[in-house]
>>> print(open('my_file-v9.txt').read())   # compact mmCIF, C-alpha atoms
# COMPACT_ATOMS: atom_id res chain seq x y z
CA MET Y 1 66.29 3.76 -11.47
CA GLY Y 2 64.06 2.85 -14.36
CA SER Y 3 60.30 2.47 -14.19
CA TYR Y 4 60.41 -1.33 -14.26
CA SER Y 5 63.05 -1.45 -11.53
CA ILE Y 6 60.81 0.70 -9.31
CA LEU Y 7 57.82 -1.54 -10.03
CA ILE Y 8 59.88 -4.63 -9.21
CA GLY Y 9 60.96 -3.06 -5.93
CA LEU Y 10 57.41 -2.10 -4.95
CA SER Y 11 56.08 -5.56 -5.79
CA VAL Y 12 58.83 -7.29 -3.82
CA ALA Y 13 58.08 -5.02 -0.84
CA VAL Y 14 54.40 -6.02 -0.83
CA ILE Y 15 55.24 -9.73 -1.19
CA LEU Y 16 57.77 -9.50 1.65
CA SER Y 17 55.24 -7.76 3.87
CA TYR Y 18 52.73 -10.54 3.25
CA LEU Y 19 55.36 -13.16 4.08
CA PHE Y 20 56.23 -11.20 7.23
CA ASP Y 21 52.56 -11.35 8.28
CA LEU Y 22 52.62 -15.12 7.83
CA ALA Y 23 55.89 -15.35 9.77
CA ALA Y 24 54.43 -13.18 12.54
CA ARG Y 25 51.63 -15.69 13.09
CA ALA Y 26 54.16 -18.51 13.46
CA THR Y 27 56.88 -16.71 15.45
CA ARG Y 28 54.85 -14.04 17.35
CA VAL Y 29 57.42 -11.49 16.12
CA PRO Y 30 55.46 -8.37 15.02
CA SER Y 31 55.64 -7.92 11.26
CA VAL Y 32 56.29 -4.21 11.80
CA LEU Y 33 59.65 -5.02 13.40
CA MET Y 34 60.55 -7.15 10.40
CA LEU Y 35 59.65 -4.28 8.07
CA LEU Y 36 61.74 -1.80 10.08
CA LEU Y 37 64.77 -4.10 10.12
CA THR Y 38 64.34 -4.74 6.39
CA GLY Y 39 64.32 -1.00 5.80
CA ILE Y 40 67.56 -0.61 7.77
CA ALA Y 41 69.14 -3.49 5.82
CA LEU Y 42 68.14 -1.86 2.53
CA ARG Y 43 69.71 1.40 3.73
CA GLN Y 44 72.97 -0.38 4.52
CA THR Y 45 72.94 -2.07 1.12
CA ALA Y 46 72.29 1.25 -0.62
CA ASP Y 47 75.13 2.91 1.30
CA TYR Y 48 77.48 0.05 0.44
CA PHE Y 49 76.82 0.50 -3.28
CA ASP Y 50 76.87 4.32 -2.98
CA PHE Y 51 73.23 4.54 -4.00
CA ALA Y 52 71.81 7.80 -2.65
CA LEU Y 53 68.07 7.98 -1.99
CA ALA Y 54 66.80 10.64 0.40
CA ILE Y 55 63.36 10.08 1.92
CA PRO Y 56 61.73 13.48 2.57
CA HIS Y 57 59.88 13.73 5.87
CA VAL Y 58 56.77 14.87 4.02
CA VAL Y 59 56.61 11.50 2.20
CA LEU Y 60 56.77 9.60 5.48
CA GLU Y 61 54.22 11.94 6.99
CA ILE Y 62 51.74 11.44 4.14
CA PHE Y 63 52.08 7.65 4.30
CA GLY Y 64 51.74 7.83 8.07
CA ILE Y 65 48.59 9.95 8.05
CA ILE Y 66 46.81 7.76 5.50
CA GLY Y 67 48.00 4.62 7.27
CA LEU Y 68 46.74 5.88 10.62
CA ILE Y 69 43.32 6.68 9.15
CA MET Y 70 43.05 3.26 7.49
CA ILE Y 71 44.19 1.31 10.56
CA VAL Y 72 41.89 3.12 12.99
CA LEU Y 73 39.01 2.71 10.54
CA GLU Y 74 39.83 -0.98 10.18
CA GLY Y 75 39.75 -1.41 13.95
CA ALA Y 76 36.51 0.57 14.34
CA LEU Y 77 34.79 -1.51 11.65
CA ASP Y 78 35.44 -4.62 13.76
CA LEU Y 79 33.96 -3.26 16.99
CA LYS Y 80 30.36 -3.98 17.90
CA LEU Y 81 28.66 -1.74 20.44
CA SER Y 82 26.19 -3.05 22.98
CA ARG Y 83 25.12 -2.30 26.52
CA ASP Y 84 27.30 -5.07 27.90
CA LYS Y 85 30.34 -3.48 26.20
CA ALA Y 86 29.92 -0.17 28.07
CA PRO Y 87 32.09 -1.23 31.07
CA LEU Y 88 34.84 -2.39 28.69
CA ILE Y 89 34.76 0.91 26.78
CA ARG Y 90 34.87 2.93 30.01
CA ARG Y 91 37.73 0.81 31.34
CA SER Y 92 39.79 1.14 28.16
CA PHE Y 93 39.14 4.90 27.95
CA LEU Y 94 40.17 5.39 31.57
CA ALA Y 95 43.31 3.31 31.05
CA ALA Y 96 44.29 5.19 27.89
CA SER Y 97 43.68 8.65 29.37
CA LEU Y 98 45.26 8.17 32.80
CA MET Y 99 48.35 6.33 31.58
CA LEU Y 100 48.88 8.76 28.71
CA VAL Y 101 48.85 11.81 31.00
CA VAL Y 102 50.96 10.23 33.77
CA GLN Y 103 53.51 8.77 31.35
CA ALA Y 104 53.81 12.02 29.37
CA VAL Y 105 54.31 14.07 32.53
CA ALA Y 106 56.86 11.57 33.91
CA ILE Y 107 58.90 11.56 30.67
CA ALA Y 108 58.65 15.36 30.49
CA LEU Y 109 60.03 15.71 34.03
CA VAL Y 110 62.93 13.39 33.19
CA LEU Y 111 63.68 15.38 30.03
CA GLN Y 112 63.49 18.64 31.96
CA ALA Y 113 65.97 17.35 34.54
CA TYR Y 114 68.25 16.05 31.78
CA VAL Y 115 68.26 18.94 29.27
CA GLY Y 116 66.99 21.84 31.36
CA ALA Y 117 64.35 22.95 28.83
CA SER Y 118 60.96 24.37 29.82
CA PHE Y 119 58.28 21.92 30.97
CA GLN Y 120 56.08 22.79 27.98
CA THR Y 121 58.89 21.97 25.54
CA CYS Y 122 59.62 18.71 27.34
CA LEU Y 123 55.92 17.76 27.41
CA VAL Y 124 55.58 18.37 23.65
CA ASN Y 125 58.46 15.94 23.09
CA ALA Y 126 57.20 13.46 25.70
CA VAL Y 127 53.68 13.00 24.31
CA PRO Y 128 54.79 11.17 21.11
CA LEU Y 129 56.77 8.72 23.27
CA SER Y 130 53.75 8.04 25.49
CA VAL Y 131 51.08 7.32 22.87
CA ILE Y 132 50.22 3.70 22.11
CA SER Y 133 50.34 3.04 18.38
CA SER Y 134 47.09 1.49 17.18
CA ALA Y 135 48.83 0.94 13.84
CA ILE Y 136 50.95 -1.75 15.51
CA ALA Y 137 48.72 -2.89 18.38
CA ILE Y 138 45.53 -3.58 16.40
CA PRO Y 139 47.01 -5.91 13.74
CA SER Y 140 49.19 -7.65 16.34
CA VAL Y 141 46.29 -8.74 18.57
CA ALA Y 142 44.07 -9.98 15.75
CA ASN Y 143 44.30 -13.52 17.10
CA LEU Y 144 43.63 -12.79 20.75
CA MET Y 145 40.23 -13.77 22.05
CA GLY Y 146 37.31 -11.86 23.53
CA GLU Y 147 37.66 -8.85 25.80
CA LYS Y 148 41.45 -8.86 25.82
CA GLN Y 149 41.54 -8.12 22.10
CA GLU Y 150 38.75 -5.55 22.33
CA PHE Y 151 40.39 -3.83 25.31
CA ILE Y 152 43.66 -3.38 23.41
CA VAL Y 153 41.87 -2.18 20.26
CA TYR Y 154 39.83 0.38 22.21
CA GLU Y 155 42.74 1.44 24.43
CA SER Y 156 45.18 1.96 21.54
CA THR Y 157 42.59 3.86 19.49
CA PHE Y 158 41.67 6.08 22.44
CA SER Y 159 45.38 6.60 23.13
CA ASP Y 160 45.93 7.82 19.55
CA ILE Y 161 43.00 10.24 19.77
CA LEU Y 162 43.78 11.50 23.27
CA GLY Y 163 47.49 11.71 22.42
CA ILE Y 164 46.76 14.07 19.54
CA MET Y 165 44.50 16.14 21.80
CA LEU Y 166 47.14 16.34 24.54
CA PHE Y 167 49.79 17.20 21.95
CA ASN Y 168 47.67 20.06 20.59
CA PHE Y 169 46.95 21.21 24.16
CA ALA Y 170 50.68 21.29 24.98
CA LEU Y 171 51.38 23.40 21.88
CA GLN Y 172 49.02 26.20 22.93
CA ASP Y 173 50.61 29.61 23.47
CA ASN Y 174 48.60 29.98 26.68
CA PHE Y 175 49.63 26.53 27.94
CA ALA Y 176 48.98 25.86 31.67
CA GLN Y 177 46.80 28.95 31.98
CA GLY Y 178 43.08 29.02 32.75
CA VAL Y 179 42.12 30.09 29.25
CA SER Y 180 43.88 27.03 27.80
CA VAL Y 181 41.33 24.75 29.47
CA ILE Y 182 38.49 26.77 27.92
CA THR Y 183 40.14 26.58 24.50
CA PHE Y 184 40.69 22.84 24.89
CA SER Y 185 37.07 22.24 25.93
CA ARG Y 186 35.86 24.28 22.97
CA ASP Y 187 37.91 22.11 20.61
CA VAL Y 188 36.50 18.92 22.15
CA VAL Y 189 32.93 20.10 21.63
CA ALA Y 190 33.75 21.24 18.09
CA VAL Y 191 35.29 17.91 17.06
CA ALA Y 192 32.32 16.01 18.54
CA ILE Y 193 29.87 18.08 16.47
CA VAL Y 194 31.98 17.75 13.32
CA ALA Y 195 32.30 13.99 13.89
CA VAL Y 196 28.52 13.50 14.10
CA LEU Y 197 27.77 15.69 11.07
CA SER Y 198 30.53 14.23 8.89
CA THR Y 199 29.54 10.67 9.84
CA ALA Y 200 25.94 11.37 8.85
CA ALA Y 201 27.08 12.84 5.52
CA LEU Y 202 29.43 9.93 4.74
CA ALA Y 203 26.83 7.33 5.75
CA PHE Y 204 24.30 9.07 3.51
CA LEU Y 205 26.74 8.91 0.56
CA LEU Y 206 27.66 5.30 1.26
CA GLY Y 207 24.00 4.26 1.29
CA ARG Y 208 23.00 6.27 -1.79
CA ILE Y 209 25.87 5.91 -4.28
CA ARG Y 210 25.02 3.26 -6.84
CA LEU Y 211 28.12 3.49 -9.03
CA HIS Y 212 30.56 0.59 -9.12
CA VAL Y 213 33.39 2.74 -7.73
CA LYS Y 214 32.30 4.14 -4.38
CA PHE Y 215 34.52 3.01 -1.52
CA PHE Y 216 37.62 4.94 -2.48
CA LEU Y 217 35.38 7.97 -3.00
CA ILE Y 218 34.13 7.57 0.59
CA LEU Y 219 37.71 7.12 1.81
CA ALA Y 220 38.75 10.24 -0.12
CA PHE Y 221 36.00 12.24 1.57
CA LEU Y 222 37.06 10.82 4.94
CA ILE Y 223 40.71 11.82 4.36
CA LEU Y 224 39.54 15.25 3.18
CA LEU Y 225 37.46 15.80 6.32
CA TYR Y 226 40.29 14.50 8.50
CA SER Y 227 42.78 16.91 6.89
CA LEU Y 228 40.44 19.91 7.09
CA ALA Y 229 39.75 19.21 10.76
CA LYS Y 230 43.48 18.83 11.37
CA LYS Y 231 44.06 22.22 9.76
CA LEU Y 232 41.71 23.62 12.41
CA HIS Y 233 43.81 21.88 15.10
CA LEU Y 234 41.01 19.48 16.00
CA SER Y 235 41.55 15.86 17.03
CA SER Y 236 40.32 14.65 13.68
CA LEU Y 237 40.97 10.98 14.39
CA VAL Y 238 37.64 11.09 16.26
CA LEU Y 239 35.94 11.47 12.87
CA VAL Y 240 37.43 8.19 11.67
CA LEU Y 241 36.50 6.30 14.84
CA VAL Y 242 32.91 7.59 14.90
CA PHE Y 243 32.37 6.83 11.21
CA GLY Y 244 33.67 3.27 11.56
CA LEU Y 245 31.59 2.59 14.67
CA ALA Y 246 28.47 4.09 13.04
CA VAL Y 247 28.75 1.94 9.91
CA ASN Y 248 29.45 -1.25 11.87
CA ASN Y 249 26.65 -0.54 14.36
CA ALA Y 250 24.07 1.07 12.07
CA ASP Y 251 21.25 -1.11 13.43
CA LEU Y 252 21.96 0.14 16.95
CA LEU Y 253 22.73 3.82 16.31
CA LEU Y 254 20.40 4.68 13.43
CA ARG Y 255 17.03 4.31 15.08
CA GLY Y 256 13.88 6.25 14.37
CA PRO Y 257 11.97 6.56 11.08
CA ARG Y 258 13.65 9.80 10.03
CA LEU Y 259 17.22 8.49 10.43
CA GLN Y 260 16.34 5.21 8.76
CA ARG Y 261 14.70 7.00 5.85
CA TRP Y 262 17.74 9.20 5.23
CA LEU Y 263 20.63 6.87 6.07
CA HIS Y 264 19.27 3.39 5.19
CA PRO Y 265 20.91 1.21 7.89
CA GLU Y 266 20.09 -1.96 5.93
CA GLN Y 267 22.05 -0.62 2.95
CA LEU Y 268 24.97 0.28 5.19
CA ALA Y 269 24.97 -3.26 6.55
CA ALA Y 270 25.15 -4.61 2.99
CA GLU Y 271 28.15 -2.38 2.21
CA LEU Y 272 30.01 -3.25 5.41
CA HIS Y 273 31.86 -6.33 4.15
CA PRO Y 274 33.37 -4.78 0.99
CA LEU Y 275 34.26 -1.63 2.95
CA LYS Y 276 36.09 -3.76 5.51
CA SER Y 277 37.95 -5.55 2.74
CA ILE Y 278 39.02 -2.35 0.98
CA THR Y 279 40.09 -0.77 4.28
CA ALA Y 280 42.13 -3.79 5.37
CA GLU Y 281 43.90 -4.03 2.01
CA SER Y 282 44.68 -0.31 2.03
CA ALA Y 283 45.93 -0.40 5.63
CA PHE Y 284 48.22 -3.31 4.79
CA LEU Y 285 49.67 -1.54 1.76
CA ILE Y 286 50.26 1.82 3.46
CA ARG Y 287 51.68 0.20 6.60
CA THR Y 288 54.14 -1.76 4.46
CA PHE Y 289 55.62 1.26 2.72
CA PHE Y 290 55.60 3.51 5.80
CA PHE Y 291 57.65 1.21 8.01
CA LEU Y 292 60.00 0.22 5.19
CA LEU Y 293 60.66 3.89 4.43
CA PHE Y 294 61.04 4.77 8.10
CA GLY Y 295 63.57 1.96 8.54
CA PHE Y 296 65.37 3.15 5.41
CA SER Y 297 65.62 6.65 6.88
CA ILE Y 298 67.56 5.33 9.90
CA THR Y 299 71.36 5.18 9.72
CA LEU Y 300 72.80 2.15 11.51
CA SER Y 301 75.88 4.09 12.62
CA GLY Y 302 73.63 6.48 14.54
CA LEU Y 303 72.20 3.57 16.53
CA MET Y 304 75.60 2.29 17.68
CA SER Y 305 75.62 4.30 20.86
CA GLY Y 306 75.50 3.03 24.43
CA THR Y 307 74.06 6.35 25.58
CA LEU Y 308 71.25 6.09 23.04
CA LEU Y 309 70.40 2.57 24.19
CA LEU Y 310 70.41 3.62 27.84
CA GLN Y 311 68.12 6.55 27.04
CA GLY Y 312 65.73 4.23 25.22
CA LEU Y 313 65.80 1.70 28.07
CA LEU Y 314 65.11 4.46 30.60
CA ILE Y 315 62.12 5.77 28.65
CA VAL Y 316 60.64 2.30 28.07
CA GLY Y 317 61.33 1.37 31.71
CA ILE Y 318 59.38 4.40 32.97
CA LEU Y 319 56.49 3.73 30.58
CA THR Y 320 56.30 0.05 31.57
CA ALA Y 321 56.56 0.74 35.31
CA ILE Y 322 53.65 3.21 35.17
CA ARG Y 323 51.61 0.74 33.11
CA TYR Y 324 52.35 -2.03 35.64
CA VAL Y 325 51.25 0.12 38.60
CA TYR Y 326 48.01 1.09 36.85
CA LEU Y 327 47.06 -2.43 35.73
CA ARG Y 328 48.14 -4.12 38.97
CA TYR Y 329 46.95 -1.71 41.66
CA ILE Y 330 44.34 0.59 40.07
CA ALA Y 331 42.59 -1.42 37.36
CA ARG Y 332 43.33 -4.71 39.21
CA THR Y 333 43.28 -6.61 35.95
CA ASP Y 334 45.42 -9.21 34.22
CA LEU Y 335 49.01 -8.34 33.31
CA VAL Y 336 49.33 -10.81 30.43
CA PRO Y 337 49.35 -9.69 27.73
CA GLU Y 338 48.04 -6.19 28.57
CA LEU Y 339 51.21 -5.04 30.35
CA PHE Y 340 53.38 -5.80 27.33
CA ILE Y 341 51.18 -4.55 24.49
CA ALA Y 342 51.76 -0.80 24.44
CA PRO Y 343 53.85 -0.37 21.28
CA LYS Y 344 55.05 2.91 19.87
CA GLY Y 345 55.08 3.41 16.13
CA LEU Y 346 53.30 5.31 13.43
CA ILE Y 347 51.56 7.89 15.65
CA THR Y 348 54.85 8.46 17.52
CA VAL Y 349 56.64 9.31 14.29
CA LEU Y 350 53.78 11.50 13.02
CA LEU Y 351 53.61 13.56 16.21
CA PHE Y 352 57.39 13.87 16.29
CA TYR Y 353 57.42 15.31 12.76
CA SER Y 354 54.67 17.73 13.83
CA ILE Y 355 56.77 19.32 16.59
CA PRO Y 356 57.51 22.98 15.70
CA ASP Y 357 61.19 23.92 15.49
CA GLN Y 358 61.03 26.10 18.61
CA TYR Y 359 59.98 23.08 20.70
CA ARG Y 360 62.50 20.56 19.38
CA ILE Y 361 65.04 18.99 21.75
CA GLY Y 362 68.29 17.81 20.20
CA GLU Y 363 68.42 14.68 22.37
CA ILE Y 364 65.06 13.49 20.99
CA GLY Y 365 65.53 12.49 17.36
CA GLU Y 366 64.67 9.74 14.90
CA ASN Y 367 67.25 7.37 16.39
CA ILE Y 368 65.76 7.50 19.90
CA LEU Y 369 62.31 7.04 18.35
CA PHE Y 370 63.54 3.92 16.58
CA VAL Y 371 65.06 2.51 19.78
CA VAL Y 372 61.83 3.08 21.71
CA ILE Y 373 59.75 1.57 18.87
CA LEU Y 374 62.11 -1.43 18.75
CA LEU Y 375 62.11 -2.02 22.52
CA THR Y 376 58.32 -1.71 22.88
CA GLY Y 377 57.95 -4.04 19.90
CA ILE Y 378 60.14 -6.61 21.64
CA LEU Y 379 58.03 -6.27 24.79
CA MET Y 380 54.90 -6.83 22.71
CA MET Y 381 56.47 -9.94 21.20
CA ILE Y 382 57.13 -11.26 24.72
CA GLY Y 383 53.52 -10.54 25.72
CA LEU Y 384 52.16 -12.38 22.70
CA GLN Y 385 54.44 -15.34 23.45
CA LEU Y 386 53.15 -15.47 27.03
CA ALA Y 387 49.55 -15.16 25.86
CA ASN Y 388 50.07 -18.04 23.47
CA ARG Y 389 50.88 -20.35 26.37
CA ASP Y 390 47.42 -19.82 27.87
CA PRO Y 391 44.68 -21.26 25.61
CA GLU Y 392 42.09 -19.05 27.31
CA ILE Y 393 43.91 -15.90 26.19
CA GLY Y 394 45.02 -16.45 22.66
CA GLU Y 395 44.55 -18.89 19.85
CA TYR Y 396 47.15 -18.87 17.07
>>> encode(input="my_file-v9.txt", output="structure tokens")
Amino acid sequence: MGSYSILIGLSVAVILSYLFDLAARATRVPSVLMLLLTGIALRQTADYFDFALAIPHVVLEIFGIIGLIMIVLEGALDLKLSRDKAPLIRRSFLAASLMLVVQAVAIALVLQAYVGASFQTCLVNAVPLSVISSAIAIPSVANLMGEKQEFIVYESTFSDILGIMLFNFALQDNFAQGVSVITFSRDVVAVAIVAVLSTAALAFLLGRIRLHVKFFLILAFLILLYSLAKKLHLSSLVLVLVFGLAVNNADLLLRGPRLQRWLHPEQLAAELHPLKSITAESAFLIRTFFFLLFGFSITLSGLMSGTLLLQGLLIVGILTAIRYVYLRYIARTDLVPELFIAPKGLITVLLFYSIPDQYRIGEIGENILFVVILLTGILMMIGLQLANRDPEIGEY
């Protein structure tokens, strides 16, 4: 392919993604599903014309990591903290943590009974299937109102962070031993300290840089810190969440003359709008190419399997049943649309690609990931349709 052909293809992809976003508002069909199906259609077209284009996993992983950072940052920049939000934050954290652990253990037990692998191996493969994808959930609930939107944003973001922590915990050599809890607790304390220090440093830079080009420099530092923390096996998504919350709530968090003198909360407030704009545009662009490429990497012939569909239905059925029990009998909260909005997506794929070879299970591959992503996306579409019928829930 020539340079101009590639540029034409990239431009068409961005335009299509924008049109899909418009269509999603009218049809309640998540734009991510449209991108995935478009990617599969492009793969079929390429195969028909004998056009070979292999998508290395590392390319998908890079797009996924950057997309995850941008989407979580975008969500955090829209969240305002206040005393009256504390119950909502506690409720969403409890929901994310309890359901993640129970769902991961349940899927792991099913895998263990099915394939006979060790529980640790099954748990490593179950965690990616149990994590809620904020990359899909946050953009999809942009038009919900009030606490329902905020609950889903907080829950999906916490699920991403806790999912990475649980995944790292399951990969420990001393898994399920007493020392593993000590190691895990040490990592939690370490990431909290790093999050506070890195947020202070980034806020200082954001308030002091006077050059015209500054936001992509801040984002580059954020990605650098995220990657370095990830190299140390820390749950580095916490850094992104804390930074976004700190910038959007500078007037609340940066109190005291010393903090205000160093970090200039009024300057951070002035930079908030352009930072939000840059982050949203970047998240849209990365999300577009990630899901198109992921769809392109799927072979349609591999999906034509009754066994594969049954496996996907079983996994999604278990996840939904556990979510129903929690929301109905423990949280005692509404089921619409909360029950339906627990999509799998970008974080699922990223964690799957991070599974070491010795923990891989042959029955869990890209095709089963796609089926689970597709089915949870359909459930989310149903939830949004039901929410649209109640004017007190959503406004489209």
>>> closest_residue(input="my_file-v9.txt", among="Y:Lys80, Y:Val29, Y:Leu351, Y:Gly365", to="Val247 of chain Y", atoms="all atoms listed in the file")
Y:Lys80
>>> closest_residue(input="my_file-v9.txt", among="Y:Glu363, Y:Leu224, Y:Val349, Y:Gly244", to="Phe290 of chain Y", atoms="all atoms listed in the file")
Y:Val349
>>> residues_around(input="my_file-v9.txt", residues="Ile373 of chain Y", least_positions_apart="3", cutoff="9 Å", atoms="only C-alpha atoms", output="ChimeraX atom specification")
/Y:33,129,343-345,348,368-370,376-378
>>> write_last_selection(input="my_file-v9.txt", atoms="C-alpha atoms", output="PDB file, in the frame of the given file")
ATOM      1  CA  LEU Y  33      59.650  -5.020  13.400  1.00  0.00           C
ATOM      2  CA  LEU Y 129      56.770   8.720  23.270  1.00  0.00           C
ATOM      3  CA  PRO Y 343      53.850  -0.370  21.280  1.00  0.00           C
ATOM      4  CA  LYS Y 344      55.050   2.910  19.870  1.00  0.00           C
ATOM      5  CA  GLY Y 345      55.080   3.410  16.130  1.00  0.00           C
ATOM      6  CA  THR Y 348      54.850   8.460  17.520  1.00  0.00           C
ATOM      7  CA  ILE Y 368      65.760   7.500  19.900  1.00  0.00           C
ATOM      8  CA  LEU Y 369      62.310   7.040  18.350  1.00  0.00           C
ATOM      9  CA  PHE Y 370      63.540   3.920  16.580  1.00  0.00           C
ATOM     10  CA  THR Y 376      58.320  -1.710  22.880  1.00  0.00           C
ATOM     11  CA  GLY Y 377      57.950  -4.040  19.900  1.00  0.00           C
ATOM     12  CA  ILE Y 378      60.140  -6.610  21.640  1.00  0.00           C
TER      13      ILE Y 378
END
>>> closest_residue(input="my_file-v9.txt", among="Y:Leu384, Y:Val371, Y:Ile286, Y:Ile298", to="Arg43 of chain Y", atoms="only C-alpha atoms")
Y:Ile298
>>> closest_atom_pairs(input="my_file-v9.txt", of="segment 248-357 of chain Y", to="segment 90-97 of chain Y", cutoff="10 Å", atoms="only C-alpha atoms", output="tab-separated table")
residue	atom	partner	partner_atom	distance
Y:Arg323	CA	Y:Ala95	CA	8.9
Y:Tyr326	CA	Y:Ala95	CA	7.8
Y:Leu327	CA	Y:Ala95	CA	8.3
Y:Ile330	CA	Y:Ala95	CA	9.5
Y:Ala331	CA	Y:Ala95	CA	7.9
>>> residues_near_point(input="my_file-v9.txt", point="(42.1, 10.8, 22.5)", cutoff="9 Å", atoms="only C-alpha atoms", output="mmCIF file with C-alpha atoms, in the frame of the given file")
data_model
loop_
_atom_site.group_PDB
_atom_site.id
_atom_site.type_symbol
_atom_site.label_atom_id
_atom_site.label_comp_id
_atom_site.auth_asym_id
_atom_site.auth_seq_id
_atom_site.Cartn_x
_atom_site.Cartn_y
_atom_site.Cartn_z
ATOM 1 C CA PHE Y 93 39.140 4.900 27.950
ATOM 2 C CA ALA Y 96 44.290 5.190 27.890
ATOM 3 C CA SER Y 97 43.680 8.650 29.370
ATOM 4 C CA THR Y 157 42.590 3.860 19.490
ATOM 5 C CA PHE Y 158 41.670 6.080 22.440
ATOM 6 C CA SER Y 159 45.380 6.600 23.130
ATOM 7 C CA ASP Y 160 45.930 7.820 19.550
ATOM 8 C CA ILE Y 161 43.000 10.240 19.770
ATOM 9 C CA LEU Y 162 43.780 11.500 23.270
ATOM 10 C CA GLY Y 163 47.490 11.710 22.420
ATOM 11 C CA ILE Y 164 46.760 14.070 19.540
ATOM 12 C CA MET Y 165 44.500 16.140 21.800
ATOM 13 C CA LEU Y 166 47.140 16.340 24.540
ATOM 14 C CA SER Y 235 41.550 15.860 17.030
ATOM 15 C CA LEU Y 237 40.970 10.980 14.390
ATOM 16 C CA VAL Y 238 37.640 11.090 16.260
#
>>> residues_around(input="my_file-v9.txt", residues="His233 of chain Y", least_positions_apart="2", cutoff="12 Å", atoms="all atoms listed in the file", output="VMD selection string")
chain Y and resid 164 to 169 171 to 172 183 to 184 186 to 188 190 to 191 226 to 231 235 to 237 354
>>> residues_around(input="my_file-v9.txt", residues="segment 65-75 of chain Y", least_positions_apart="2", cutoff="10 Å", atoms="all atoms listed in the file", output="PyMOL selection string")
chain Y and resi 60-63+77-79+133-139+142+150+153-154+156-158+160-161+219+222-223+226-227+236-245+275-290+346-347+350
>>> closest_residue(input="my_file-v9.txt", among="Y:Leu234, Y:Ile218, Y:Val58, Y:Leu379", to="Leu202 of chain Y", atoms="only C-alpha atoms")
Y:Ile218
>>> axis_aligned_box(input="my_file-v9.txt", around="segment 16-34 of chain Y", padding_each_side="4 Å", output="JSON")
{"center_x": 56.1, "center_y": -11.4, "center_z": 9.5, "size_x": 16.9, "size_y": 22.3, "size_z": 23.7}
>>> atom_distance(input="my_file-v9.txt", atom1="atom CA of Val105 of chain Y", atom2="atom CA of Ala126 of chain Y")
7.4 Å
>>> atom_distance(input="my_file-v9.txt", atom1="atom CA of Thr320 of chain Y", atom2="atom CA of Tyr359 of chain Y")
25.7 Å
>>> closest_residue(input="my_file-v9.txt", among="Y:Arg28, Y:Leu22, Y:Asn248, Y:Ala104", to="Leu144 of chain Y", atoms="all atoms listed in the file")
Y:Arg28
>>> atom_distance(input="my_file-v9.txt", atom1="atom CA of Leu217 of chain Y", atom2="atom CA of Thr199 of chain Y")
14.4 Å
>>> residues_around(input="my_file-v9.txt", residues="Ile55 of chain Y", least_positions_apart="3", cutoff="10 Å", atoms="all atoms listed in the file", output="PyMOL selection string")
chain Y and resi 52+58-60+293-294+296-297
>>> closest_residue(input="my_file-v9.txt", among="Y:Phe49, Y:Trp262, Y:Phe119, Y:Phe221", to="Arg208 of chain Y", atoms="all atoms listed in the file")
Y:Trp262
>>> decode(input="my_file-v9.txt", residues="segment 155-162 of chain Y", atoms="N, CA, C and O atoms", output="tab-separated table (two decimals), in the first residue's frame")
chain	number	residue	atom	x	y	z
Y	155	GLU	N	-17.55	2.73	39.17
Y	155	GLU	CA	-17.46	1.26	39.27
Y	155	GLU	C	-16.54	0.69	38.20
Y	155	GLU	O	-15.70	-0.17	38.48
Y	156	SER	N	-16.69	1.14	36.95
Y	156	SER	CA	-15.87	0.60	35.87
Y	156	SER	C	-14.40	0.99	36.04
Y	156	SER	O	-13.51	0.18	35.76
Y	157	THR	N	-14.15	2.20	36.52
Y	157	THR	CA	-12.77	2.62	36.75
Y	157	THR	C	-12.15	1.82	37.89
Y	157	THR	O	-11.01	1.34	37.78
Y	158	PHE	N	-12.88	1.68	39.00
Y	158	PHE	CA	-12.38	0.85	40.09
Y	158	PHE	C	-12.18	-0.59	39.64
Y	158	PHE	O	-11.22	-1.26	40.06
Y	159	SER	N	-13.08	-1.10	38.80
Y	159	SER	CA	-12.96	-2.48	38.32
Y	159	SER	C	-11.68	-2.65	37.51
Y	159	SER	O	-10.98	-3.68	37.65
Y	160	ASP	N	-11.36	-1.68	36.66
Y	160	ASP	CA	-10.10	-1.73	35.90
Y	160	ASP	C	-8.90	-1.80	36.84
Y	160	ASP	O	-8.01	-2.64	36.69
Y	161	ILE	N	-8.88	-0.89	37.81
Y	161	ILE	CA	-7.74	-0.81	38.73
Y	161	ILE	C	-7.63	-2.08	39.58
Y	161	ILE	O	-6.56	-2.69	39.68
Y	162	LEU	N	-8.75	-2.48	40.19
Y	162	LEU	CA	-8.73	-3.66	41.04
Y	162	LEU	C	-8.48	-4.93	40.22
Y	162	LEU	O	-7.86	-5.88	40.71
